[in-house]
>>> print(open('query.cif').read())   # mmCIF, C-alpha atoms; chains and numbers go by the auth columns
data_target
loop_
_atom_site.group_PDB
_atom_site.id
_atom_site.type_symbol
_atom_site.label_atom_id
_atom_site.label_comp_id
_atom_site.label_asym_id
_atom_site.label_seq_id
_atom_site.Cartn_x
_atom_site.Cartn_y
_atom_site.Cartn_z
_atom_site.B_iso_or_equiv
_atom_site.auth_seq_id
_atom_site.auth_asym_id
ATOM 1 C CA MET A 1 58.533 112.491 42.039 0.00 20 A
ATOM 2 C CA SER A 2 61.600 114.060 43.654 0.00 21 A
ATOM 3 C CA ARG A 3 61.594 114.685 47.381 0.00 22 A
ATOM 4 C CA PRO A 4 61.149 118.308 48.482 0.00 23 A
ATOM 5 C CA GLU A 5 64.353 120.120 49.391 0.00 24 A
ATOM 6 C CA VAL A 6 65.451 123.589 50.448 0.00 25 A
ATOM 7 C CA ARG A 7 66.583 125.664 47.477 0.00 26 A
ATOM 8 C CA THR A 8 67.353 128.966 49.272 0.00 27 A
ATOM 9 C CA ARG A 9 67.697 130.192 52.844 0.00 28 A
ATOM 10 C CA VAL A 10 68.119 133.927 53.338 0.00 29 A
ATOM 11 C CA ARG A 11 67.878 136.269 56.334 0.00 30 A
ATOM 12 C CA VAL A 12 65.268 139.020 55.924 0.00 31 A
ATOM 13 C CA PRO A 13 64.586 141.802 58.471 0.00 32 A
ATOM 14 C CA LEU A 14 60.860 142.451 58.853 0.00 33 A
ATOM 15 C CA LYS A 15 59.109 145.597 60.053 0.00 34 A
ATOM 16 C CA PHE A 16 55.324 145.934 60.329 0.00 35 A
ATOM 17 C CA PRO A 17 53.340 149.190 59.989 0.00 36 A
ATOM 18 C CA ASP A 18 52.838 149.449 63.773 0.00 37 A
ATOM 19 C CA GLY A 19 56.600 149.359 64.315 0.00 38 A
ATOM 20 C CA PHE A 20 57.041 145.731 65.385 0.00 39 A
ATOM 21 C CA SER A 21 60.192 144.291 63.876 0.00 40 A
ATOM 22 C CA THR A 22 61.776 140.873 63.779 0.00 41 A
ATOM 23 C CA GLY A 23 64.154 138.855 61.664 0.00 42 A
ATOM 24 C CA ALA A 24 63.165 135.864 59.563 0.00 43 A
ATOM 25 C CA ASP A 25 65.136 133.048 58.020 0.00 44 A
ATOM 26 C CA VAL A 26 63.172 132.670 54.790 0.00 45 A
ATOM 27 C CA PHE A 27 63.253 129.283 53.063 0.00 46 A
ATOM 28 C CA THR A 28 62.238 128.459 49.505 0.00 47 A
ATOM 29 C CA PHE A 29 61.818 124.893 48.240 0.00 48 A
ATOM 30 C CA ARG A 30 62.070 122.613 45.230 0.00 49 A
ATOM 31 C CA HIS A 31 59.668 119.799 44.335 0.00 50 A
ATOM 32 C CA LEU A 32 56.644 120.804 46.404 0.00 51 A
ATOM 33 C CA ALA A 33 53.476 118.859 45.615 0.00 52 A
ATOM 34 C CA ASP A 34 51.598 121.752 44.001 0.00 53 A
ATOM 35 C CA ARG A 35 54.696 123.497 42.573 0.00 54 A
ATOM 36 C CA GLY A 36 53.653 126.698 44.345 0.00 55 A
ATOM 37 C CA GLU A 37 56.124 129.377 45.424 0.00 56 A
ATOM 38 C CA HIS A 38 55.358 128.982 49.119 0.00 57 A
ATOM 39 C CA LEU A 39 57.621 130.357 51.847 0.00 58 A
ATOM 40 C CA LEU A 40 58.616 129.105 55.272 0.00 59 A
ATOM 41 C CA LEU A 41 59.807 131.805 57.688 0.00 60 A
ATOM 42 C CA GLY A 42 61.817 130.684 60.693 0.00 61 A
ATOM 43 C CA LEU A 43 61.129 133.203 63.467 0.00 62 A
ATOM 44 C CA GLY A 44 62.711 133.655 66.869 0.00 63 A
ATOM 45 C CA ASP A 45 65.009 130.873 68.049 0.00 64 A
ATOM 46 C CA TRP A 46 63.388 128.290 65.797 0.00 65 A
ATOM 47 C CA GLU A 47 66.445 126.046 65.811 0.00 66 A
ATOM 48 C CA ASP A 48 66.358 125.803 69.596 0.00 67 A
ATOM 49 C CA ALA A 49 62.590 125.187 69.432 0.00 68 A
ATOM 50 C CA LEU A 50 63.221 122.270 67.072 0.00 69 A
ATOM 51 C CA ALA A 51 65.912 120.864 69.349 0.00 70 A
ATOM 52 C CA ARG A 52 63.618 121.103 72.394 0.00 71 A
ATOM 53 C CA SER A 53 60.854 119.342 70.498 0.00 72 A
ATOM 54 C CA HIS A 54 63.149 116.515 69.412 0.00 73 A
ATOM 55 C CA ASP A 55 64.146 116.079 73.082 0.00 74 A
ATOM 56 C CA GLY A 56 60.481 115.761 74.090 0.00 75 A
ATOM 57 C CA GLY A 57 59.873 119.391 75.081 0.00 76 A
ATOM 58 C CA ASP A 58 57.401 121.896 73.680 0.00 77 A
ATOM 59 C CA ALA A 59 56.936 121.749 69.934 0.00 78 A
ATOM 60 C CA PRO A 60 57.660 124.848 67.808 0.00 79 A
ATOM 61 C CA LEU A 61 54.758 127.241 67.246 0.00 80 A
ATOM 62 C CA VAL A 62 53.599 127.134 63.617 0.00 81 A
ATOM 63 C CA ARG A 63 51.059 129.127 61.641 0.00 82 A
ATOM 64 C CA PRO A 64 50.119 128.155 58.075 0.00 83 A
ATOM 65 C CA HIS A 65 48.930 131.529 56.741 0.00 84 A
ATOM 66 C CA SER A 66 47.145 131.730 53.400 0.00 85 A
ATOM 67 C CA GLU A 67 48.160 134.668 51.230 0.00 86 A
ATOM 68 C CA CYS A 68 45.645 137.517 51.296 0.00 87 A
ATOM 69 C CA LEU A 69 46.704 140.474 49.184 0.00 88 A
ATOM 70 C CA THR A 70 43.725 142.582 50.238 0.00 89 A
ATOM 71 C CA GLY A 71 44.176 141.937 53.961 0.00 90 A
ATOM 72 C CA ASP A 72 47.923 141.405 54.343 0.00 91 A
ATOM 73 C CA VAL A 73 49.042 144.250 52.065 0.00 92 A
ATOM 74 C CA PHE A 74 46.165 146.711 51.741 0.00 93 A
ATOM 75 C CA GLY A 75 44.709 146.339 55.231 0.00 94 A
ATOM 76 C CA SER A 76 41.228 145.292 54.103 0.00 95 A
ATOM 77 C CA GLN A 77 38.692 145.166 56.916 0.00 96 A
ATOM 78 C CA ARG A 78 36.581 142.501 55.175 0.00 97 A
ATOM 79 C CA CYS A 79 38.670 139.721 56.726 0.00 98 A
ATOM 80 C CA ASP A 80 41.000 139.259 59.696 0.00 99 A
ATOM 81 C CA CYS A 81 44.009 138.065 57.689 0.00 100 A
ATOM 82 C CA GLY A 82 46.282 141.090 58.114 0.00 101 A
ATOM 83 C CA PRO A 83 45.923 141.260 61.912 0.00 102 A
ATOM 84 C CA GLN A 84 46.374 137.488 62.168 0.00 103 A
ATOM 85 C CA LEU A 85 49.605 137.710 60.161 0.00 104 A
ATOM 86 C CA ARG A 86 50.911 140.482 62.397 0.00 105 A
ATOM 87 C CA GLU A 87 49.909 138.609 65.561 0.00 106 A
ATOM 88 C CA ALA A 88 51.512 135.405 64.327 0.00 107 A
ATOM 89 C CA ALA A 89 54.825 137.110 63.549 0.00 108 A
ATOM 90 C CA GLU A 90 55.143 138.366 67.124 0.00 109 A
ATOM 91 C CA ARG A 91 53.903 135.244 68.889 0.00 110 A
ATOM 92 C CA ILE A 92 56.091 132.919 66.840 0.00 111 A
ATOM 93 C CA THR A 93 59.112 135.181 67.336 0.00 112 A
ATOM 94 C CA GLU A 94 58.587 134.952 71.093 0.00 113 A
ATOM 95 C CA ALA A 95 58.114 131.182 71.132 0.00 114 A
ATOM 96 C CA GLY A 96 60.384 130.101 68.290 0.00 115 A
ATOM 97 C CA GLY A 97 58.835 128.437 65.266 0.00 116 A
ATOM 98 C CA PHE A 98 57.630 128.866 61.718 0.00 117 A
ATOM 99 C CA LEU A 99 55.271 131.030 59.716 0.00 118 A
ATOM 100 C CA LEU A 100 54.250 129.348 56.469 0.00 119 A
ATOM 101 C CA TYR A 101 53.173 131.859 53.833 0.00 120 A
ATOM 102 C CA LEU A 102 51.058 129.807 51.457 0.00 121 A
ATOM 103 C CA ARG A 103 50.138 131.090 47.987 0.00 122 A
ATOM 104 C CA GLN A 104 46.468 130.115 48.108 0.00 123 A
ATOM 105 C CA GLU A 105 44.589 133.380 47.854 0.00 124 A
ATOM 106 C CA GLY A 106 40.869 133.339 48.542 0.00 125 A
ATOM 107 C CA ARG A 107 40.879 129.924 50.224 0.00 126 A
ATOM 108 C CA GLY A 108 42.485 128.569 47.083 0.00 127 A
ATOM 109 C CA ILE A 109 40.275 130.123 44.390 0.00 128 A
ATOM 110 C CA GLY A 110 42.574 133.013 43.460 0.00 129 A
ATOM 111 C CA LEU A 111 42.498 136.785 43.734 0.00 130 A
ATOM 112 C CA TYR A 112 40.040 137.642 40.944 0.00 131 A
ATOM 113 C CA ALA A 113 37.601 134.926 42.005 0.00 132 A
ATOM 114 C CA LYS A 114 37.842 136.127 45.589 0.00 133 A
ATOM 115 C CA LEU A 115 36.839 139.615 44.507 0.00 134 A
ATOM 116 C CA ASP A 116 33.986 138.122 42.466 0.00 135 A
ATOM 117 C CA ALA A 117 32.904 136.372 45.672 0.00 136 A
ATOM 118 C CA TYR A 118 33.047 139.690 47.527 0.00 137 A
ATOM 119 C CA ALA A 119 30.611 141.146 44.976 0.00 138 A
ATOM 120 C CA LEU A 120 28.227 138.258 45.677 0.00 139 A
ATOM 121 C CA GLN A 121 28.631 138.786 49.408 0.00 140 A
ATOM 122 C CA ASP A 122 27.551 142.379 48.878 0.00 141 A
ATOM 123 C CA GLN A 123 24.312 140.922 47.501 0.00 142 A
ATOM 124 C CA GLY A 124 23.733 138.940 50.693 0.00 143 A
ATOM 125 C CA LEU A 125 25.580 135.638 50.289 0.00 144 A
ATOM 126 C CA ASP A 126 27.971 134.484 52.983 0.00 145 A
ATOM 127 C CA THR A 127 31.619 133.756 52.195 0.00 146 A
ATOM 128 C CA TYR A 128 31.068 130.031 51.578 0.00 147 A
ATOM 129 C CA ALA A 129 27.840 130.395 49.594 0.00 148 A
ATOM 130 C CA ALA A 130 29.550 132.974 47.381 0.00 149 A
ATOM 131 C CA ASN A 131 32.290 130.513 46.476 0.00 150 A
ATOM 132 C CA ARG A 132 29.699 127.859 45.645 0.00 151 A
ATOM 133 C CA ALA A 133 27.760 130.324 43.488 0.00 152 A
ATOM 134 C CA LEU A 134 30.940 130.781 41.428 0.00 153 A
ATOM 135 C CA GLY A 135 31.141 127.030 40.897 0.00 154 A
ATOM 136 C CA ARG A 136 34.083 126.703 43.261 0.00 155 A
ATOM 137 C CA GLY A 137 34.622 124.766 46.458 0.00 156 A
ATOM 138 C CA GLU A 138 33.898 126.398 49.809 0.00 157 A
ATOM 139 C CA ASP A 139 37.573 125.934 50.662 0.00 158 A
ATOM 140 C CA GLU A 140 39.934 124.610 47.989 0.00 159 A
ATOM 141 C CA ARG A 141 43.086 124.708 50.082 0.00 160 A
ATOM 142 C CA ASP A 142 45.151 121.647 50.772 0.00 161 A
ATOM 143 C CA TYR A 143 48.174 121.522 53.016 0.00 162 A
ATOM 144 C CA ARG A 144 50.378 118.948 51.291 0.00 163 A
ATOM 145 C CA ALA A 145 53.022 121.568 50.493 0.00 164 A
ATOM 146 C CA ALA A 146 52.842 122.901 54.063 0.00 165 A
ATOM 147 C CA ALA A 147 53.462 119.412 55.460 0.00 166 A
ATOM 148 C CA GLN A 148 56.327 118.899 53.025 0.00 167 A
ATOM 149 C CA MET A 149 58.001 122.159 54.057 0.00 168 A
ATOM 150 C CA LEU A 150 57.668 121.321 57.739 0.00 169 A
ATOM 151 C CA ARG A 151 59.102 117.829 57.266 0.00 170 A
ATOM 152 C CA THR A 152 61.979 119.223 55.214 0.00 171 A
ATOM 153 C CA VAL A 153 63.125 121.445 58.103 0.00 172 A
ATOM 154 C CA GLY A 154 62.498 118.721 60.687 0.00 173 A
ATOM 155 C CA ALA A 155 59.271 120.081 62.204 0.00 174 A
ATOM 156 C CA THR A 156 57.155 116.913 62.288 0.00 175 A
ATOM 157 C CA ARG A 157 55.647 117.855 65.666 0.00 176 A
ATOM 158 C CA ILE A 158 54.129 121.307 66.088 0.00 177 A
ATOM 159 C CA ARG A 159 51.902 123.576 68.121 0.00 178 A
ATOM 160 C CA LEU A 160 49.426 124.899 65.564 0.00 179 A
ATOM 161 C CA LEU A 161 48.518 128.591 65.765 0.00 180 A
ATOM 162 C CA SER A 162 45.121 128.586 64.065 0.00 181 A
ATOM 163 C CA ASN A 163 41.387 128.784 64.691 0.00 182 A
ATOM 164 C CA ASN A 164 40.657 126.462 61.761 0.00 183 A
ATOM 165 C CA PRO A 165 40.115 122.787 62.664 0.00 184 A
ATOM 166 C CA ASP A 166 40.569 121.739 59.025 0.00 185 A
ATOM 167 C CA LYS A 167 44.227 122.808 59.127 0.00 186 A
ATOM 168 C CA ALA A 168 44.850 120.509 62.071 0.00 187 A
ATOM 169 C CA HIS A 169 42.961 117.611 60.472 0.00 188 A
ATOM 170 C CA GLN A 170 44.765 117.932 57.145 0.00 189 A
ATOM 171 C CA LEU A 171 48.234 118.289 58.663 0.00 190 A
ATOM 172 C CA GLU A 172 47.686 115.308 60.934 0.00 191 A
ATOM 173 C CA SER A 173 46.509 113.217 57.974 0.00 192 A
ATOM 174 C CA LEU A 174 49.743 114.212 56.207 0.00 193 A
ATOM 175 C CA GLY A 175 51.952 112.988 59.038 0.00 194 A
ATOM 176 C CA ILE A 176 52.476 116.185 61.055 0.00 195 A
ATOM 177 C CA GLU A 177 51.746 115.691 64.756 0.00 196 A
ATOM 178 C CA VAL A 178 49.687 118.578 66.117 0.00 197 A
ATOM 179 C CA ALA A 179 50.682 118.478 69.777 0.00 198 A
ATOM 180 C CA GLU A 180 48.503 121.492 70.621 0.00 199 A
ATOM 181 C CA ARG A 181 46.048 123.789 68.894 0.00 200 A
ATOM 182 C CA VAL A 182 46.638 127.425 69.885 0.00 201 A
ATOM 183 C CA PRO A 183 43.886 129.877 68.862 0.00 202 A
ATOM 184 C CA THR A 184 44.688 133.310 67.500 0.00 203 A
ATOM 185 C CA GLY A 185 43.083 136.430 68.895 0.00 204 A
ATOM 186 C CA VAL A 186 39.734 137.734 67.679 0.00 205 A
ATOM 187 C CA HIS A 187 40.294 140.579 65.204 0.00 206 A
ATOM 188 C CA LEU A 188 36.786 141.862 64.742 0.00 207 A
ATOM 189 C CA SER A 189 35.491 144.952 62.960 0.00 208 A
ATOM 190 C CA GLU A 190 32.126 146.104 61.651 0.00 209 A
ATOM 191 C CA ALA A 191 33.164 145.008 58.174 0.00 210 A
ATOM 192 C CA ASN A 192 34.142 141.447 59.094 0.00 211 A
ATOM 193 C CA ALA A 193 31.677 140.559 61.884 0.00 212 A
ATOM 194 C CA PHE A 194 29.369 138.489 59.637 0.00 213 A
ATOM 195 C CA TYR A 195 32.365 136.833 57.971 0.00 214 A
ATOM 196 C CA LEU A 196 33.828 135.738 61.316 0.00 215 A
ATOM 197 C CA ALA A 197 30.470 134.539 62.640 0.00 216 A
ATOM 198 C CA THR A 198 30.034 132.477 59.467 0.00 217 A
ATOM 199 C CA LYS A 199 33.454 130.858 59.928 0.00 218 A
ATOM 200 C CA ARG A 200 32.581 130.038 63.520 0.00 219 A
ATOM 201 C CA ASP A 201 29.176 128.580 62.697 0.00 220 A
ATOM 202 C CA HIS A 202 29.808 126.920 59.330 0.00 221 A
ATOM 203 C CA THR A 203 33.322 125.494 59.702 0.00 222 A
ATOM 204 C CA LEU A 204 33.628 125.474 63.507 0.00 223 A
ATOM 205 C CA HIS A 205 36.488 127.945 63.762 0.00 224 A
ATOM 206 C CA THR A 206 37.393 128.535 67.411 0.00 225 A
ATOM 207 C CA LEU A 207 36.287 132.156 67.557 0.00 226 A
ATOM 208 C CA ASP A 208 34.799 133.559 70.747 0.00 227 A
ATOM 209 C CA LEU A 209 32.505 136.362 69.575 0.00 228 A
ATOM 210 C CA ASP A 210 30.466 136.551 72.774 0.00 229 A
ATOM 211 C CA GLY A 211 30.132 140.123 73.900 0.00 230 A
ATOM 212 C CA TYR A 212 30.454 141.476 70.386 0.00 231 A
ATOM 213 C CA GLU A 213 27.240 139.997 69.051 0.00 232 A
ATOM 214 C CA ASP A 214 25.133 141.132 71.984 0.00 233 A
ATOM 215 C CA GLY A 215 26.581 144.642 71.730 0.00 234 A
ATOM 216 C CA SER A 216 28.302 144.685 75.125 0.00 235 A
ATOM 217 C CA LEU A 217 31.724 145.086 73.499 0.00 236 A
ATOM 218 C CA GLU A 218 32.495 147.773 70.961 0.00 237 A
ATOM 219 C CA LEU A 219 33.538 146.828 67.442 0.00 238 A
ATOM 220 C CA THR A 220 36.669 148.348 65.922 0.00 239 A
ATOM 221 C CA GLY A 221 36.986 149.822 62.463 0.00 240 A
#
>>> encode(input="query.cif", output="structure tokens")
Amino acid sequence: MSRPEVRTRVRVPLKFPDGFSTGADVFTFRHLADRGEHLLLGLGDWEDALARSHDGGDAPLVRPHSECLTGDVFGSQRCDCGPQLREAAERITEAGGFLLYLRQEGRGIGLYAKLDAYALQDQGLDTYAANRALGRGEDERDYRAAAQMLRTVGATRIRLLSNNPDKAHQLESLGIEVAERVPTGVHLSEANAFYLATKRDHTLHTLDLDGYEDGSLELTG
């Protein structure tokens, strides 16, 4: 199998609905393991961040973000994906690093199956049980392509912006050194409270929901 390589690098100005804007160097690739059309966005002074890391300084900040049409584009309140994407763009711009936009909708089961899982959640199943009821895995994502993209641009040592321990474990098993795990903020609403609590309890996401669950802090949305 051919080694992954950059096929295109293009500068794209980004502007989010709340007015935050930044510029991204967007990379596409050939020969990724799953043949997906994944993107790597270099944000902020990512080249300087790479140079500092290679000299033994802080590693670049990196978020592998799974595509979520409903959350990223339509602003769905059933998940926290859209706010996490927006947060990541700003934090990585400030620090210098990479946002990986991975085409693995619905934790890898696809858009239609994700919506089927939502219908089962409306009947009382949690997000993982709903996937199992559809005959799918709780989380079908793998991060081989993410590791390949990072290695291709020279980011073999990173600070991982994620609440998901599985991302760190998989990337480390694929040869990416996770020098630090950096949690995202808590983006909680009435519609996603059970979903976030399930991620915390079932897959040990680093989500601090104290204060929300006992009612001392007000939910948004």
>>> residues_around(input="query.cif", residues="Gln123 (chain A)", least_positions_apart="6", cutoff="10 Å", atoms="only C-alpha atoms", output="PyMOL selection string")
chain A and resi 55+57+84-87+129-130+159-161
>>> resolve_selection(input="query.cif", expression="the PyMOL selection byres ((chain A and resi 202) around 6)", output="PyMOL selection string")
chain A and resi 180-182+201+203
>>> write_last_selection(input="query.cif", atoms="C-alpha atoms", output="PDB file, in the frame of the given file")
ATOM      1  CA  LEU A 180      48.518 128.591  65.765  1.00  0.00           C
ATOM      2  CA  SER A 181      45.121 128.586  64.065  1.00  0.00           C
ATOM      3  CA  ASN A 182      41.387 128.784  64.691  1.00  0.00           C
ATOM      4  CA  VAL A 201      46.638 127.425  69.885  1.00  0.00           C
ATOM      5  CA  THR A 203      44.688 133.310  67.500  1.00  0.00           C
TER       6      THR A 203
END
>>> atom_distance(input="query.cif", atom1="CA of Gly61 (chain A)", atom2="CA of Asp185 (chain A)")
23.1 Å
>>> residues_around(input="query.cif", residues="Gly101 (chain A)", least_positions_apart="6", cutoff="12 Å", atoms="only C-alpha atoms", output="mmCIF file with C-alpha atoms, in the frame of the given file")
data_model
loop_
_atom_site.group_PDB
_atom_site.id
_atom_site.type_symbol
_atom_site.label_atom_id
_atom_site.label_comp_id
_atom_site.auth_asym_id
_atom_site.auth_seq_id
_atom_site.Cartn_x
_atom_site.Cartn_y
_atom_site.Cartn_z
ATOM 1 C CA PHE A 35 55.324 145.934 60.329
ATOM 2 C CA PRO A 36 53.340 149.190 59.989
ATOM 3 C CA HIS A 84 48.930 131.529 56.741
ATOM 4 C CA SER A 85 47.145 131.730 53.400
ATOM 5 C CA GLU A 86 48.160 134.668 51.230
ATOM 6 C CA CYS A 87 45.645 137.517 51.296
ATOM 7 C CA LEU A 88 46.704 140.474 49.184
ATOM 8 C CA THR A 89 43.725 142.582 50.238
ATOM 9 C CA GLY A 90 44.176 141.937 53.961
ATOM 10 C CA ASP A 91 47.923 141.405 54.343
ATOM 11 C CA VAL A 92 49.042 144.250 52.065
ATOM 12 C CA PHE A 93 46.165 146.711 51.741
ATOM 13 C CA GLY A 94 44.709 146.339 55.231
ATOM 14 C CA SER A 95 41.228 145.292 54.103
ATOM 15 C CA ALA A 107 51.512 135.405 64.327
ATOM 16 C CA ALA A 108 54.825 137.110 63.549
ATOM 17 C CA HIS A 206 40.294 140.579 65.204
ATOM 18 C CA LEU A 207 36.786 141.862 64.742
#
>>> axis_aligned_box(input="query.cif", around="region 143-146 of chain A", padding_each_side="3 Å", output="JSON")
{"center_x": 27.7, "center_y": 136.3, "center_z": 51.6, "size_x": 13.9, "size_y": 11.2, "size_z": 8.7}
>>> resolve_selection(input="query.cif", expression="the PyMOL selection byres ((chain A and resi 40) around 12)", output="PyMOL selection string")
chain A and resi 31-39+41-43+62-63+105-106+108-109+112-113
>>> resolve_selection(input="query.cif", expression="the PyMOL selection byres ((chain A and resi 172) around 10)", output="number ranges by chain")
A: 24-25, 46, 59, 61, 66, 69, 117, 167-171, 173-175
>>> atom_distance(input="query.cif", atom1="CA of Val45 (chain A)", atom2="CA of Gly115 (chain A)")
14.0 Å
>>> residues_near_point(input="query.cif", point="(51.9, 120.4, 68.6)", cutoff="8 Å", atoms="only C-alpha atoms", output="JSON, numbers by chain")
{"A": [77, 78, 79, 80, 176, 177, 178, 179, 196, 197, 198, 199, 200]}
>>> atom_distance(input="query.cif", atom1="CA of Leu134 (chain A)", atom2="CA of Leu51 (chain A)")
27.4 Å
>>> closest_residue(input="query.cif", among="A:Leu58, A:Leu121, A:Val205, A:Ala166", to="Ala187 (chain A)", atoms="only C-alpha atoms")
A:Ala166
>>> residues_near_point(input="query.cif", point="(63.0, 118.8, 47.2)", cutoff="8 Å", atoms="all atoms listed in the file", output="PyMOL selection string")
chain A and resi 21-26+48-51
>>> closest_residue(input="query.cif", among="A:Ala52, A:Ile111, A:Ala136, A:Ile195", to="Arg163 (chain A)", atoms="all atoms listed in the file")
A:Ala52
